[in-house]
$ cat query06.cif   # mmCIF, C-alpha atoms and all ligand atoms
data_coords
#
loop_
_atom_site.label_atom_id
_atom_site.label_comp_id
_atom_site.auth_asym_id
_atom_site.auth_seq_id
_atom_site.Cartn_x
_atom_site.Cartn_y
_atom_site.Cartn_z
CA MET Y 1348 -25.90 121.88 76.95
CA SER Y 1349 -25.58 119.35 79.68
CA VAL Y 1350 -24.76 115.86 78.51
CA SER Y 1351 -26.31 113.04 80.49
CA GLY Y 1352 -23.58 110.78 81.79
CA LEU Y 1353 -21.27 113.73 82.41
CA ASP Y 1354 -21.69 116.16 85.32
CA SER Y 1355 -24.46 118.80 85.19
CA LYS Y 1356 -22.15 121.44 83.68
CA PRO Y 1357 -22.50 122.52 80.03
CA TYR Y 1358 -20.47 120.70 77.37
CA THR Y 1359 -20.50 120.63 73.59
CA ARG Y 1360 -19.46 117.69 71.43
CA ASN Y 1361 -16.08 118.56 69.96
CA LEU Y 1362 -16.37 119.00 66.19
CA ILE Y 1363 -12.61 118.47 65.86
CA PRO Y 1364 -11.70 115.75 68.39
CA GLY Y 1365 -8.32 116.28 70.01
CA GLU Y 1366 -8.33 120.01 69.22
CA SER Y 1367 -8.66 122.55 72.00
CA VAL Y 1368 -9.75 126.18 71.42
CA CYS Y 1369 -9.03 127.92 74.74
CA TRP Y 1370 -7.43 125.24 76.93
CA GLU Y 1371 -10.90 124.08 77.96
CA VAL Y 1372 -11.35 120.75 79.78
CA HIS Y 1373 -12.20 117.78 77.54
CA ARG Y 1374 -14.16 114.75 78.71
CA LYS Y 1375 -14.90 111.49 76.92
CA LEU Y 1376 -18.14 109.52 77.15
CA ASN Y 1377 -18.76 106.38 75.07
CA GLY Y 1378 -15.80 107.30 72.87
CA ILE Y 1379 -17.18 110.80 72.11
CA GLU Y 1380 -15.19 113.86 73.12
CA TYR Y 1381 -16.92 116.83 74.76
CA ARG Y 1382 -15.58 120.30 75.54
CA TYR Y 1383 -16.47 122.11 78.76
CA TRP Y 1384 -18.42 125.29 78.00
CA ASP Y 1385 -17.42 127.76 80.70
CA PRO Y 1386 -20.22 130.17 81.85
CA ASN Y 1387 -17.55 132.53 83.16
CA ARG Y 1388 -16.12 132.87 79.66
CA SER Y 1389 -19.23 132.60 77.50
CA LYS Y 1390 -22.48 134.52 77.98
CA LEU Y 1391 -24.43 131.91 76.05
CA ALA Y 1392 -23.24 129.22 78.49
CA ALA Y 1393 -24.07 131.61 81.37
CA PHE Y 1394 -27.56 132.03 79.87
CA LEU Y 1395 -28.06 128.25 79.84
CA VAL Y 1396 -26.89 127.66 83.40
CA SER Y 1397 -29.00 130.64 84.54
CA ARG Y 1398 -32.09 128.72 83.36
CA GLY Y 1399 -32.44 130.42 79.99
CA LYS Y 1400 -34.89 128.34 77.98
CA THR Y 1401 -34.74 129.46 74.36
CA PHE Y 1402 -32.22 127.45 72.37
CA PRO Y 1403 -32.97 127.27 68.64
CA PHE Y 1404 -29.46 126.20 67.57
CA GLU Y 1405 -29.72 123.04 65.44
CA VAL Y 1406 -27.45 120.98 63.21
CA LYS Y 1407 -28.07 123.14 60.10
CA SER Y 1408 -28.80 126.54 61.68
CA THR Y 1409 -27.44 129.76 60.20
CA VAL Y 1410 -26.13 132.36 62.65
CA LEU Y 1411 -24.91 135.94 62.43
CA TYR Y 1412 -22.58 136.47 65.40
CA LEU Y 1413 -21.57 140.07 66.21
CA GLY Y 1414 -18.57 140.59 68.49
CA ALA Y 1415 -16.91 137.22 67.91
CA ALA Y 1416 -13.63 138.14 69.68
CA ASN Y 1417 -11.18 135.20 69.59
CA GLY Y 1418 -13.95 132.69 68.94
CA THR Y 1419 -14.56 131.11 72.36
CA THR Y 1420 -18.37 131.09 72.14
CA VAL Y 1421 -18.30 130.84 68.34
CA SER Y 1422 -16.38 127.56 68.65
CA HIS Y 1423 -19.07 126.02 70.89
CA ILE Y 1424 -21.82 127.11 68.50
CA SER Y 1425 -19.70 125.58 65.74
CA ASP Y 1426 -19.74 122.28 67.69
CA ILE Y 1427 -23.55 122.40 67.86
CA LEU Y 1428 -24.24 123.08 64.17
CA PRO Y 1429 -21.82 120.95 62.15
CA ASP Y 1430 -23.87 121.43 58.93
CA GLY Y 1431 -24.76 125.07 59.59
CA ARG Y 1432 -22.93 128.37 59.18
CA ILE Y 1433 -21.77 131.07 61.56
CA PHE Y 1434 -20.94 134.45 60.09
CA ALA Y 1435 -18.63 135.80 62.79
CA VAL Y 1436 -18.04 139.57 62.79
CA GLU Y 1437 -15.18 141.08 64.80
CA VAL Y 1438 -13.62 144.53 64.47
CA ALA Y 1439 -10.35 144.13 66.40
CA LYS Y 1440 -7.40 142.62 64.54
CA ASN Y 1441 -5.76 140.75 67.43
CA PRO Y 1442 -8.69 138.56 68.48
CA PHE Y 1443 -9.62 138.22 64.80
CA ARG Y 1444 -6.29 136.50 64.11
CA GLU Y 1445 -7.16 133.81 66.66
CA LEU Y 1446 -10.68 133.55 65.23
CA LEU Y 1447 -9.18 133.00 61.77
CA ALA Y 1448 -7.01 130.16 63.05
CA ILE Y 1449 -10.11 128.46 64.51
CA ALA Y 1450 -12.10 129.02 61.30
CA GLU Y 1451 -9.36 127.36 59.25
CA LYS Y 1452 -10.03 124.12 61.12
CA ARG Y 1453 -13.81 124.46 61.38
CA GLY Y 1454 -15.53 124.77 58.02
CA ASN Y 1455 -18.78 126.21 59.39
CA ILE Y 1456 -17.27 129.53 60.58
CA ILE Y 1457 -17.04 132.45 58.14
CA PRO Y 1458 -14.91 135.15 59.84
CA ILE Y 1459 -15.58 138.78 58.88
CA LEU Y 1460 -13.20 141.55 59.97
CA GLU Y 1461 -15.60 144.51 60.03
CA ASP Y 1462 -17.30 147.07 62.25
CA ALA Y 1463 -20.82 145.93 63.14
CA ASN Y 1464 -21.91 149.58 62.94
CA HIS Y 1465 -21.75 149.10 59.17
CA PRO Y 1466 -23.79 146.02 58.26
CA GLU Y 1467 -24.14 147.29 54.69
CA ILE Y 1468 -20.54 146.08 54.12
CA TYR Y 1469 -21.28 142.40 54.83
CA GLU Y 1470 -25.06 141.96 54.50
CA ARG Y 1471 -24.85 140.62 50.94
CA LEU Y 1472 -22.36 137.97 52.03
CA VAL Y 1473 -24.51 136.94 55.00
CA GLY Y 1474 -27.96 137.00 53.41
CA GLN Y 1475 -30.73 135.89 55.79
CA VAL Y 1476 -30.04 133.95 58.99
CA GLU Y 1477 -32.20 132.11 61.51
CA ILE Y 1478 -30.36 133.35 64.60
CA MET Y 1479 -28.60 136.62 65.35
CA TYR Y 1480 -26.34 136.76 68.41
CA GLN Y 1481 -24.61 139.90 69.66
CA ASP Y 1482 -22.04 140.34 72.39
CA ILE Y 1483 -20.55 143.80 71.86
CA SER Y 1484 -19.60 145.93 74.85
CA GLN Y 1485 -20.33 149.34 73.33
CA ARG Y 1486 -22.52 152.19 74.47
CA ASN Y 1487 -24.72 151.86 71.36
CA GLN Y 1488 -25.04 148.05 71.56
CA THR Y 1489 -28.86 148.08 71.19
CA GLU Y 1490 -28.63 150.35 68.17
CA ILE Y 1491 -26.04 148.03 66.55
CA PHE Y 1492 -28.35 145.05 67.13
CA ILE Y 1493 -31.32 146.82 65.51
CA ARG Y 1494 -29.18 148.00 62.60
CA ASN Y 1495 -28.08 144.43 61.82
CA SER Y 1496 -31.50 142.87 62.23
CA GLY Y 1497 -32.39 143.20 58.53
CA MET Y 1498 -30.37 139.97 58.13
CA LEU Y 1499 -32.56 138.08 60.62
CA LYS Y 1500 -35.39 136.14 58.96
CA PRO Y 1501 -38.95 136.97 60.03
CA GLY Y 1502 -39.69 134.65 62.95
CA GLY Y 1503 -35.95 134.31 63.66
CA THR Y 1504 -34.43 134.50 67.14
CA GLY Y 1505 -32.13 137.27 68.33
CA TYR Y 1506 -29.86 137.22 71.39
CA LEU Y 1507 -28.57 140.52 72.72
CA MET Y 1508 -26.07 140.16 75.55
CA VAL Y 1509 -26.24 143.51 77.36
CA LYS Y 1510 -23.45 144.85 79.52
CA ALA Y 1511 -25.27 147.51 81.57
CA ARG Y 1512 -22.18 149.42 82.69
CA CYS Y 1513 -21.10 149.97 79.10
CA ILE Y 1514 -24.35 151.73 78.27
CA ASP Y 1515 -24.47 153.94 81.38
CA VAL Y 1516 -22.05 153.68 84.32
CA THR Y 1517 -24.20 155.96 86.45
CA ALA Y 1518 -27.59 154.21 86.02
CA SER Y 1519 -28.61 151.05 87.88
CA PRO Y 1520 -28.29 147.92 85.70
CA THR Y 1521 -32.03 147.24 86.21
CA ARG Y 1522 -32.91 150.66 84.78
CA THR Y 1523 -30.57 150.12 81.81
CA PHE Y 1524 -32.10 146.68 81.10
CA GLU Y 1525 -35.61 148.20 81.14
CA GLN Y 1526 -34.51 150.89 78.70
CA CYS Y 1527 -32.94 148.30 76.44
CA GLY Y 1528 -36.09 146.15 76.47
CA MET Y 1529 -38.21 149.18 75.52
CA GLU Y 1530 -35.88 150.05 72.63
CA LEU Y 1531 -36.08 146.49 71.29
CA GLU Y 1532 -39.88 146.45 71.53
CA SER Y 1533 -40.10 149.86 69.80
CA ALA Y 1534 -38.02 148.44 66.97
CA GLY Y 1535 -40.66 145.72 66.51
CA PHE Y 1536 -39.10 142.82 68.41
CA LYS Y 1537 -41.08 140.64 70.78
CA THR Y 1538 -39.16 139.84 73.99
CA VAL Y 1539 -39.24 136.08 74.59
CA GLU Y 1540 -37.18 136.14 77.77
CA MET Y 1541 -34.71 138.27 79.70
CA VAL Y 1542 -32.21 136.45 81.90
CA LYS Y 1543 -29.71 138.11 84.25
CA LEU Y 1544 -26.29 136.50 84.00
CA ASP Y 1545 -24.91 137.26 87.49
CA PRO Y 1546 -22.80 135.84 89.07
CA TYR Y 1547 -21.15 134.40 85.92
CA GLN Y 1548 -21.16 137.73 84.07
CA LYS Y 1549 -21.55 140.69 86.40
CA ASP Y 1550 -24.23 143.29 85.47
CA HIS Y 1551 -25.06 141.48 82.25
CA ALA Y 1552 -28.43 140.32 80.93
CA ALA Y 1553 -29.39 138.20 77.95
CA PHE Y 1554 -32.34 139.46 75.92
CA VAL Y 1555 -33.90 136.86 73.68
CA VAL Y 1556 -36.24 138.36 71.09
CA ARG Y 1557 -38.27 137.19 68.14
CA LYS Y 1558 -38.54 139.20 64.94
C1 LIG K 1601 -17.07 140.73 75.21
S1 LIG K 1601 -16.13 140.53 73.78
C2 LIG K 1601 -16.91 139.16 72.95
C3 LIG K 1601 -16.66 137.78 73.53
C4 LIG K 1601 -17.17 136.69 72.61
N1 LIG K 1601 -18.51 136.98 72.17
C5 LIG K 1601 -17.18 135.32 73.27
O1 LIG K 1601 -18.10 135.01 74.02
O2 LIG K 1601 -16.28 134.52 72.97
C6 LIG K 1601 -16.69 141.85 72.77
C7 LIG K 1601 -16.06 141.89 71.38
O3 LIG K 1601 -16.77 142.82 70.58
C8 LIG K 1601 -15.84 143.42 69.70
N2 LIG K 1601 -16.42 144.66 69.17
C9 LIG K 1601 -16.56 145.86 69.82
N3 LIG K 1601 -17.13 146.76 68.99
C10 LIG K 1601 -17.37 146.13 67.82
C11 LIG K 1601 -17.93 146.53 66.59
N4 LIG K 1601 -18.37 147.77 66.41
N5 LIG K 1601 -18.02 145.63 65.58
C12 LIG K 1601 -17.57 144.35 65.76
N6 LIG K 1601 -17.01 143.91 66.91
C13 LIG K 1601 -16.92 144.78 67.93
C14 LIG K 1601 -14.62 143.65 70.59
O4 LIG K 1601 -13.46 143.86 69.81
C15 LIG K 1601 -14.61 142.36 71.41
O5 LIG K 1601 -13.78 141.39 70.81
#
$ encode --input "query06.cif" --output "structure tokens" --more "lines below"
Ligand SMILES: C[S@@+](CC[C@H](N)C(=O)[O-])C[C@H]1O[C@@H](n2cnc3c(N)ncnc32)[C@H](O)[C@@H]1O
Amino acid sequence: MSVSGLDSKPYTRNLIPGESVCWEVHRKLNGIEYRYWDPNRSKLAAFLVSRGKTFPFEVKSTVLYLGAANGTTVSHISDILPDGRIFAVEVAKNPFRELLAIAEKRGNIIPILEDANHPEIYERLVGQVEIMYQDISQRNQTEIFIRNSGMLKPGGTGYLMVKARCIDVTASPTRTFEQCGMELESAGFKTVEMVKLDPYQKDHAAFVVRK
């Protein structure tokens, strides 16, 4: 989110002033510390600077985040919802260790070391959330999103960050995005917007859907 008084780039207000997550630039305005949210490192920041409009994240929002990695984007969402909760699922142990270290300092992140292909393992812990966000570079990424969507409240917002080349290296990204949109609609989602993330994230698109 751009902060008036700073430049037009995205920043989030640092939940833990003085603490850095990934060596990001910090700026101060009126005594408040903000962290630069890099669109080259976060698809949600790329979505915002690419004129994506939907942004339901609020102070108390609940979020299921699939493909949390080392917590770069998770940490910015954590800045935005100080009284909310982010259930952050990651399957790989190395990035998960870094995610854990971040979660120890930020009380609104619940890290879950699991495979998002198996939501039945963590769905009781998560319950129902208002926002589901997925950034998993796997061939079956749309299927994983649909499989986890039982945890998204009716009327909730889903973000699926699609990496076209992961689904099919031979097809054009445009064709893959169309296919992905059709699969989401067939699963009962309504597409709110689809935003291409080039040049920040090559051959990626953000699908925003409503359940
Ligand atoms: C592109 S990175 C995510 C970057 C992160 N969302 C960010 O913006 O900070 C994709 C992550 O998805 C994880 N991943 C891949 N398959 C997964 C699965 N089946 N379940 C959970 N995480 C998975 C990978 O280990 C990797 O850390």
$ residues_around --input "query06.cif" --residues "stretch 1395-1408 of chain Y" --least-positions-apart "4" --cutoff "6 Å" --atoms "all atoms listed in the file" --output "list in words"
Leu1428, Pro1429, Asp1430 and Gly1431 of chain Y
$ residues_around --input "query06.cif" --residues "stretch 1375-1389 of chain Y" --least-positions-apart "2" --cutoff "8 Å" --atoms "only C-alpha atoms" --output "mmCIF file with C-alpha atoms, in the frame of the given file"
data_model
loop_
_atom_site.group_PDB
_atom_site.id
_atom_site.type_symbol
_atom_site.label_atom_id
_atom_site.label_comp_id
_atom_site.auth_asym_id
_atom_site.auth_seq_id
_atom_site.Cartn_x
_atom_site.Cartn_y
_atom_site.Cartn_z
ATOM 1 C CA GLY Y 1352 -23.580 110.780 81.790
ATOM 2 C CA LEU Y 1353 -21.270 113.730 82.410
ATOM 3 C CA LYS Y 1356 -22.150 121.440 83.680
ATOM 4 C CA PRO Y 1357 -22.500 122.520 80.030
ATOM 5 C CA TYR Y 1358 -20.470 120.700 77.370
ATOM 6 C CA THR Y 1359 -20.500 120.630 73.590
ATOM 7 C CA ARG Y 1360 -19.460 117.690 71.430
ATOM 8 C CA ASN Y 1361 -16.080 118.560 69.960
ATOM 9 C CA PRO Y 1364 -11.700 115.750 68.390
ATOM 10 C CA GLY Y 1365 -8.320 116.280 70.010
ATOM 11 C CA GLU Y 1371 -10.900 124.080 77.960
ATOM 12 C CA VAL Y 1372 -11.350 120.750 79.780
ATOM 13 C CA HIS Y 1373 -12.200 117.780 77.540
ATOM 14 C CA LEU Y 1391 -24.430 131.910 76.050
ATOM 15 C CA ALA Y 1392 -23.240 129.220 78.490
ATOM 16 C CA ALA Y 1393 -24.070 131.610 81.370
ATOM 17 C CA PHE Y 1394 -27.560 132.030 79.870
ATOM 18 C CA VAL Y 1396 -26.890 127.660 83.400
ATOM 19 C CA THR Y 1419 -14.560 131.110 72.360
ATOM 20 C CA THR Y 1420 -18.370 131.090 72.140
ATOM 21 C CA HIS Y 1423 -19.070 126.020 70.890
ATOM 22 C CA TYR Y 1547 -21.150 134.400 85.920
ATOM 23 C CA GLN Y 1548 -21.160 137.730 84.070
#
$ closest_atom_pairs --input "query06.cif" --of "chain Y" --to "ligand LIG 1601 (chain K)" --cutoff "10 Å" --atoms "only C-alpha atoms and all ligand atoms" --output "JSON lines"
{"residue": "Y:Cys1369", "atom": "CA", "partner": "K:LIG1601", "partner_atom": "O2", "distance": 10.0}
{"residue": "Y:Asp1385", "atom": "CA", "partner": "K:LIG1601", "partner_atom": "O1", "distance": 9.9}
{"residue": "Y:Pro1386", "atom": "CA", "partner": "K:LIG1601", "partner_atom": "O1", "distance": 9.4}
{"residue": "Y:Asn1387", "atom": "CA", "partner": "K:LIG1601", "partner_atom": "O1", "distance": 9.5}
{"residue": "Y:Arg1388", "atom": "CA", "partner": "K:LIG1601", "partner_atom": "O1", "distance": 6.3}
{"residue": "Y:Ser1389", "atom": "CA", "partner": "K:LIG1601", "partner_atom": "O1", "distance": 4.4}
{"residue": "Y:Lys1390", "atom": "CA", "partner": "K:LIG1601", "partner_atom": "O1", "distance": 5.9}
{"residue": "Y:Leu1391", "atom": "CA", "partner": "K:LIG1601", "partner_atom": "O1", "distance": 7.3}
{"residue": "Y:Ala1392", "atom": "CA", "partner": "K:LIG1601", "partner_atom": "O1", "distance": 8.9}
{"residue": "Y:Tyr1412", "atom": "CA", "partner": "K:LIG1601", "partner_atom": "N1", "distance": 7.9}
{"residue": "Y:Leu1413", "atom": "CA", "partner": "K:LIG1601", "partner_atom": "C12", "distance": 5.9}
{"residue": "Y:Gly1414", "atom": "CA", "partner": "K:LIG1601", "partner_atom": "O3", "distance": 3.5}
{"residue": "Y:Ala1415", "atom": "CA", "partner": "K:LIG1601", "partner_atom": "N1", "distance": 4.6}
{"residue": "Y:Ala1416", "atom": "CA", "partner": "K:LIG1601", "partner_atom": "O5", "distance": 3.4}
{"residue": "Y:Asn1417", "atom": "CA", "partner": "K:LIG1601", "partner_atom": "O2", "distance": 6.2}
{"residue": "Y:Gly1418", "atom": "CA", "partner": "K:LIG1601", "partner_atom": "O2", "distance": 5.0}
{"residue": "Y:Thr1419", "atom": "CA", "partner": "K:LIG1601", "partner_atom": "O2", "distance": 3.9}
{"residue": "Y:Thr1420", "atom": "CA", "partner": "K:LIG1601", "partner_atom": "O2", "distance": 4.1}
{"residue": "Y:Val1421", "atom": "CA", "partner": "K:LIG1601", "partner_atom": "O2", "distance": 6.2}
{"residue": "Y:Ser1422", "atom": "CA", "partner": "K:LIG1601", "partner_atom": "O2", "distance": 8.2}
{"residue": "Y:His1423", "atom": "CA", "partner": "K:LIG1601", "partner_atom": "O2", "distance": 9.2}
{"residue": "Y:Ala1435", "atom": "CA", "partner": "K:LIG1601", "partner_atom": "C12", "distance": 9.1}
{"residue": "Y:Val1436", "atom": "CA", "partner": "K:LIG1601", "partner_atom": "C12", "distance": 5.6}
{"residue": "Y:Glu1437", "atom": "CA", "partner": "K:LIG1601", "partner_atom": "N6", "distance": 4.0}
{"residue": "Y:Val1438", "atom": "CA", "partner": "K:LIG1601", "partner_atom": "C12", "distance": 4.2}
{"residue": "Y:Ala1439", "atom": "CA", "partner": "K:LIG1601", "partner_atom": "O4", "distance": 4.6}
{"residue": "Y:Lys1440", "atom": "CA", "partner": "K:LIG1601", "partner_atom": "O4", "distance": 8.1}
{"residue": "Y:Asn1441", "atom": "CA", "partner": "K:LIG1601", "partner_atom": "O4", "distance": 8.6}
{"residue": "Y:Pro1442", "atom": "CA", "partner": "K:LIG1601", "partner_atom": "O5", "distance": 6.3}
{"residue": "Y:Phe1443", "atom": "CA", "partner": "K:LIG1601", "partner_atom": "O5", "distance": 8.0}
{"residue": "Y:Leu1446", "atom": "CA", "partner": "K:LIG1601", "partner_atom": "O2", "distance": 9.6}
{"residue": "Y:Ile1459", "atom": "CA", "partner": "K:LIG1601", "partner_atom": "C12", "distance": 9.1}
{"residue": "Y:Leu1460", "atom": "CA", "partner": "K:LIG1601", "partner_atom": "C12", "distance": 7.8}
{"residue": "Y:Glu1461", "atom": "CA", "partner": "K:LIG1601", "partner_atom": "C12", "distance": 6.1}
{"residue": "Y:Asp1462", "atom": "CA", "partner": "K:LIG1601", "partner_atom": "N5", "distance": 3.7}
{"residue": "Y:Ala1463", "atom": "CA", "partner": "K:LIG1601", "partner_atom": "N5", "distance": 3.7}
{"residue": "Y:Asn1464", "atom": "CA", "partner": "K:LIG1601", "partner_atom": "N4", "distance": 5.3}
{"residue": "Y:His1465", "atom": "CA", "partner": "K:LIG1601", "partner_atom": "N4", "distance": 8.1}
{"residue": "Y:Pro1466", "atom": "CA", "partner": "K:LIG1601", "partner_atom": "N5", "distance": 9.3}
{"residue": "Y:Tyr1480", "atom": "CA", "partner": "K:LIG1601", "partner_atom": "N1", "distance": 8.7}
{"residue": "Y:Gln1481", "atom": "CA", "partner": "K:LIG1601", "partner_atom": "N1", "distance": 7.2}
{"residue": "Y:Asp1482", "atom": "CA", "partner": "K:LIG1601", "partner_atom": "N1", "distance": 4.9}
{"residue": "Y:Ile1483", "atom": "CA", "partner": "K:LIG1601", "partner_atom": "O3", "distance": 4.1}
{"residue": "Y:Ser1484", "atom": "CA", "partner": "K:LIG1601", "partner_atom": "C6", "distance": 5.4}
{"residue": "Y:Gln1485", "atom": "CA", "partner": "K:LIG1601", "partner_atom": "N3", "distance": 6.0}
{"residue": "Y:Arg1486", "atom": "CA", "partner": "K:LIG1601", "partner_atom": "N3", "distance": 9.4}
{"residue": "Y:Asn1487", "atom": "CA", "partner": "K:LIG1601", "partner_atom": "N4", "distance": 9.0}
{"residue": "Y:Gln1488", "atom": "CA", "partner": "K:LIG1601", "partner_atom": "N3", "distance": 8.4}
{"residue": "Y:Ile1491", "atom": "CA", "partner": "K:LIG1601", "partner_atom": "N4", "distance": 7.7}
{"residue": "Y:Met1508", "atom": "CA", "partner": "K:LIG1601", "partner_atom": "N1", "distance": 8.9}
{"residue": "Y:Val1509", "atom": "CA", "partner": "K:LIG1601", "partner_atom": "C1", "distance": 9.8}
{"residue": "Y:Lys1510", "atom": "CA", "partner": "K:LIG1601", "partner_atom": "C1", "distance": 8.7}
$ atom_distance --input "query06.cif" --atom1 "atom CA of Y:Ser1367" --atom2 "atom CA of Y:Phe1434"
20.8 Å
$ residues_around --input "query06.cif" --residues "Y:Cys1527" --least-positions-apart "3" --cutoff "12 Å" --atoms "only C-alpha atoms" --output "short mmCIF file (atom, residue, chain, number, x, y, z; two decimals) with C-alpha atoms, keeping the file's coordinate frame"
data_model
loop_
_atom_site.label_atom_id
_atom_site.label_comp_id
_atom_site.auth_asym_id
_atom_site.auth_seq_id
_atom_site.Cartn_x
_atom_site.Cartn_y
_atom_site.Cartn_z
CA ARG Y 1486 -22.52 152.19 74.47
CA ASN Y 1487 -24.72 151.86 71.36
CA GLN Y 1488 -25.04 148.05 71.56
CA THR Y 1489 -28.86 148.08 71.19
CA GLU Y 1490 -28.63 150.35 68.17
CA PHE Y 1492 -28.35 145.05 67.13
CA ILE Y 1493 -31.32 146.82 65.51
CA LEU Y 1507 -28.57 140.52 72.72
CA MET Y 1508 -26.07 140.16 75.55
CA VAL Y 1509 -26.24 143.51 77.36
CA LYS Y 1510 -23.45 144.85 79.52
CA ALA Y 1511 -25.27 147.51 81.57
CA ILE Y 1514 -24.35 151.73 78.27
CA ASP Y 1515 -24.47 153.94 81.38
CA PRO Y 1520 -28.29 147.92 85.70
CA THR Y 1521 -32.03 147.24 86.21
CA ARG Y 1522 -32.91 150.66 84.78
CA THR Y 1523 -30.57 150.12 81.81
CA PHE Y 1524 -32.10 146.68 81.10
CA GLU Y 1530 -35.88 150.05 72.63
CA LEU Y 1531 -36.08 146.49 71.29
CA GLU Y 1532 -39.88 146.45 71.53
CA SER Y 1533 -40.10 149.86 69.80
CA ALA Y 1534 -38.02 148.44 66.97
CA PHE Y 1536 -39.10 142.82 68.41
CA THR Y 1538 -39.16 139.84 73.99
CA MET Y 1541 -34.71 138.27 79.70
CA HIS Y 1551 -25.06 141.48 82.25
CA ALA Y 1552 -28.43 140.32 80.93
CA ALA Y 1553 -29.39 138.20 77.95
CA PHE Y 1554 -32.34 139.46 75.92
CA VAL Y 1555 -33.90 136.86 73.68
CA VAL Y 1556 -36.24 138.36 71.09
#
$ atom_distance --input "query06.cif" --atom1 "atom CA of Y:Gln1475" --atom2 "atom CA of Y:Asn1495"
10.8 Å
$ atom_distance --input "query06.cif" --atom1 "atom CA of Y:Arg1432" --atom2 "atom CA of Y:Leu1411"
8.5 Å
$ closest_residue --input "query06.cif" --among "Y:Val1410, Y:Leu1447, Y:Val1368, Y:Ile1424" --to "Y:Thr1504" --atoms "all atoms listed in the file"
Y:Val1410
$ closest_residue --input "query06.cif" --among "Y:Leu1499, Y:Val1539, Y:Ala1448, Y:Ile1478" --to "Y:Glu1366" --atoms "only C-alpha atoms"
Y:Ala1448
$ closest_residue --input "query06.cif" --among "Y:Asp1426, Y:Gly1502, Y:Gln1526, Y:Cys1513" --to "Y:Lys1549" --atoms "only C-alpha atoms"
Y:Cys1513
$ build_atoms --input "query06.cif" --residues "stretch 1545-1549 of chain Y" --atoms "all heavy atoms" --output "PDB file, in the frame of the given file"
ATOM      1  N   ASP Y1545     -25.688 137.310  86.229  1.00  0.00           N
ATOM      2  CA  ASP Y1545     -24.910 137.260  87.490  1.00  0.00           C
ATOM      3  C   ASP Y1545     -25.087 135.877  88.105  1.00  0.00           C
ATOM      4  O   ASP Y1545     -26.161 135.316  87.989  1.00  0.00           O
ATOM      5  CB  ASP Y1545     -25.448 138.297  88.479  1.00  0.00           C
ATOM      6  CG  ASP Y1545     -25.210 139.716  88.007  1.00  0.00           C
ATOM      7  OD1 ASP Y1545     -24.090 140.196  88.179  1.00  0.00           O
ATOM      8  OD2 ASP Y1545     -26.156 140.311  87.463  1.00  0.00           O
ATOM      9  N   PRO Y1546     -24.130 135.309  88.765  1.00  0.00           N
ATOM     10  CA  PRO Y1546     -22.800 135.840  89.070  1.00  0.00           C
ATOM     11  C   PRO Y1546     -21.755 135.497  88.006  1.00  0.00           C
ATOM     12  O   PRO Y1546     -20.600 135.872  88.149  1.00  0.00           O
ATOM     13  CB  PRO Y1546     -22.460 135.104  90.376  1.00  0.00           C
ATOM     14  CG  PRO Y1546     -23.091 133.758  90.194  1.00  0.00           C
ATOM     15  CD  PRO Y1546     -24.352 134.007  89.407  1.00  0.00           C
ATOM     16  N   TYR Y1547     -22.152 134.809  86.932  1.00  0.00           N
ATOM     17  CA  TYR Y1547     -21.150 134.400  85.920  1.00  0.00           C
ATOM     18  C   TYR Y1547     -20.610 135.603  85.150  1.00  0.00           C
ATOM     19  O   TYR Y1547     -19.426 135.680  84.827  1.00  0.00           O
ATOM     20  CB  TYR Y1547     -21.752 133.378  84.958  1.00  0.00           C
ATOM     21  CG  TYR Y1547     -22.307 132.189  85.660  1.00  0.00           C
ATOM     22  CD1 TYR Y1547     -23.675 132.051  85.873  1.00  0.00           C
ATOM     23  CD2 TYR Y1547     -21.462 131.201  86.165  1.00  0.00           C
ATOM     24  CE1 TYR Y1547     -24.188 130.969  86.556  1.00  0.00           C
ATOM     25  CE2 TYR Y1547     -21.967 130.115  86.851  1.00  0.00           C
ATOM     26  CZ  TYR Y1547     -23.329 130.009  87.047  1.00  0.00           C
ATOM     27  OH  TYR Y1547     -23.833 128.938  87.729  1.00  0.00           O
ATOM     28  N   GLN Y1548     -21.535 136.544  84.823  1.00  0.00           N
ATOM     29  CA  GLN Y1548     -21.160 137.730  84.070  1.00  0.00           C
ATOM     30  C   GLN Y1548     -21.815 138.903  84.799  1.00  0.00           C
ATOM     31  O   GLN Y1548     -23.029 139.095  84.691  1.00  0.00           O
ATOM     32  CB  GLN Y1548     -21.671 137.628  82.625  1.00  0.00           C
ATOM     33  CG  GLN Y1548     -21.302 136.334  81.907  1.00  0.00           C
ATOM     34  CD  GLN Y1548     -19.916 136.370  81.283  1.00  0.00           C
ATOM     35  OE1 GLN Y1548     -19.344 137.451  81.067  1.00  0.00           O
ATOM     36  NE2 GLN Y1548     -19.370 135.213  80.985  1.00  0.00           N
ATOM     37  N   LYS Y1549     -21.007 139.648  85.516  1.00  0.00           N
ATOM     38  CA  LYS Y1549     -21.550 140.690  86.400  1.00  0.00           C
ATOM     39  C   LYS Y1549     -22.252 141.817  85.610  1.00  0.00           C
ATOM     40  O   LYS Y1549     -21.716 142.303  84.611  1.00  0.00           O
ATOM     41  CB  LYS Y1549     -20.397 141.274  87.228  1.00  0.00           C
ATOM     42  CG  LYS Y1549     -20.851 142.162  88.363  1.00  0.00           C
ATOM     43  CD  LYS Y1549     -19.676 142.471  89.270  1.00  0.00           C
ATOM     44  CE  LYS Y1549     -19.862 143.669  90.152  1.00  0.00           C
ATOM     45  NZ  LYS Y1549     -21.176 144.097  90.486  1.00  0.00           N
TER      46      LYS Y1549
END
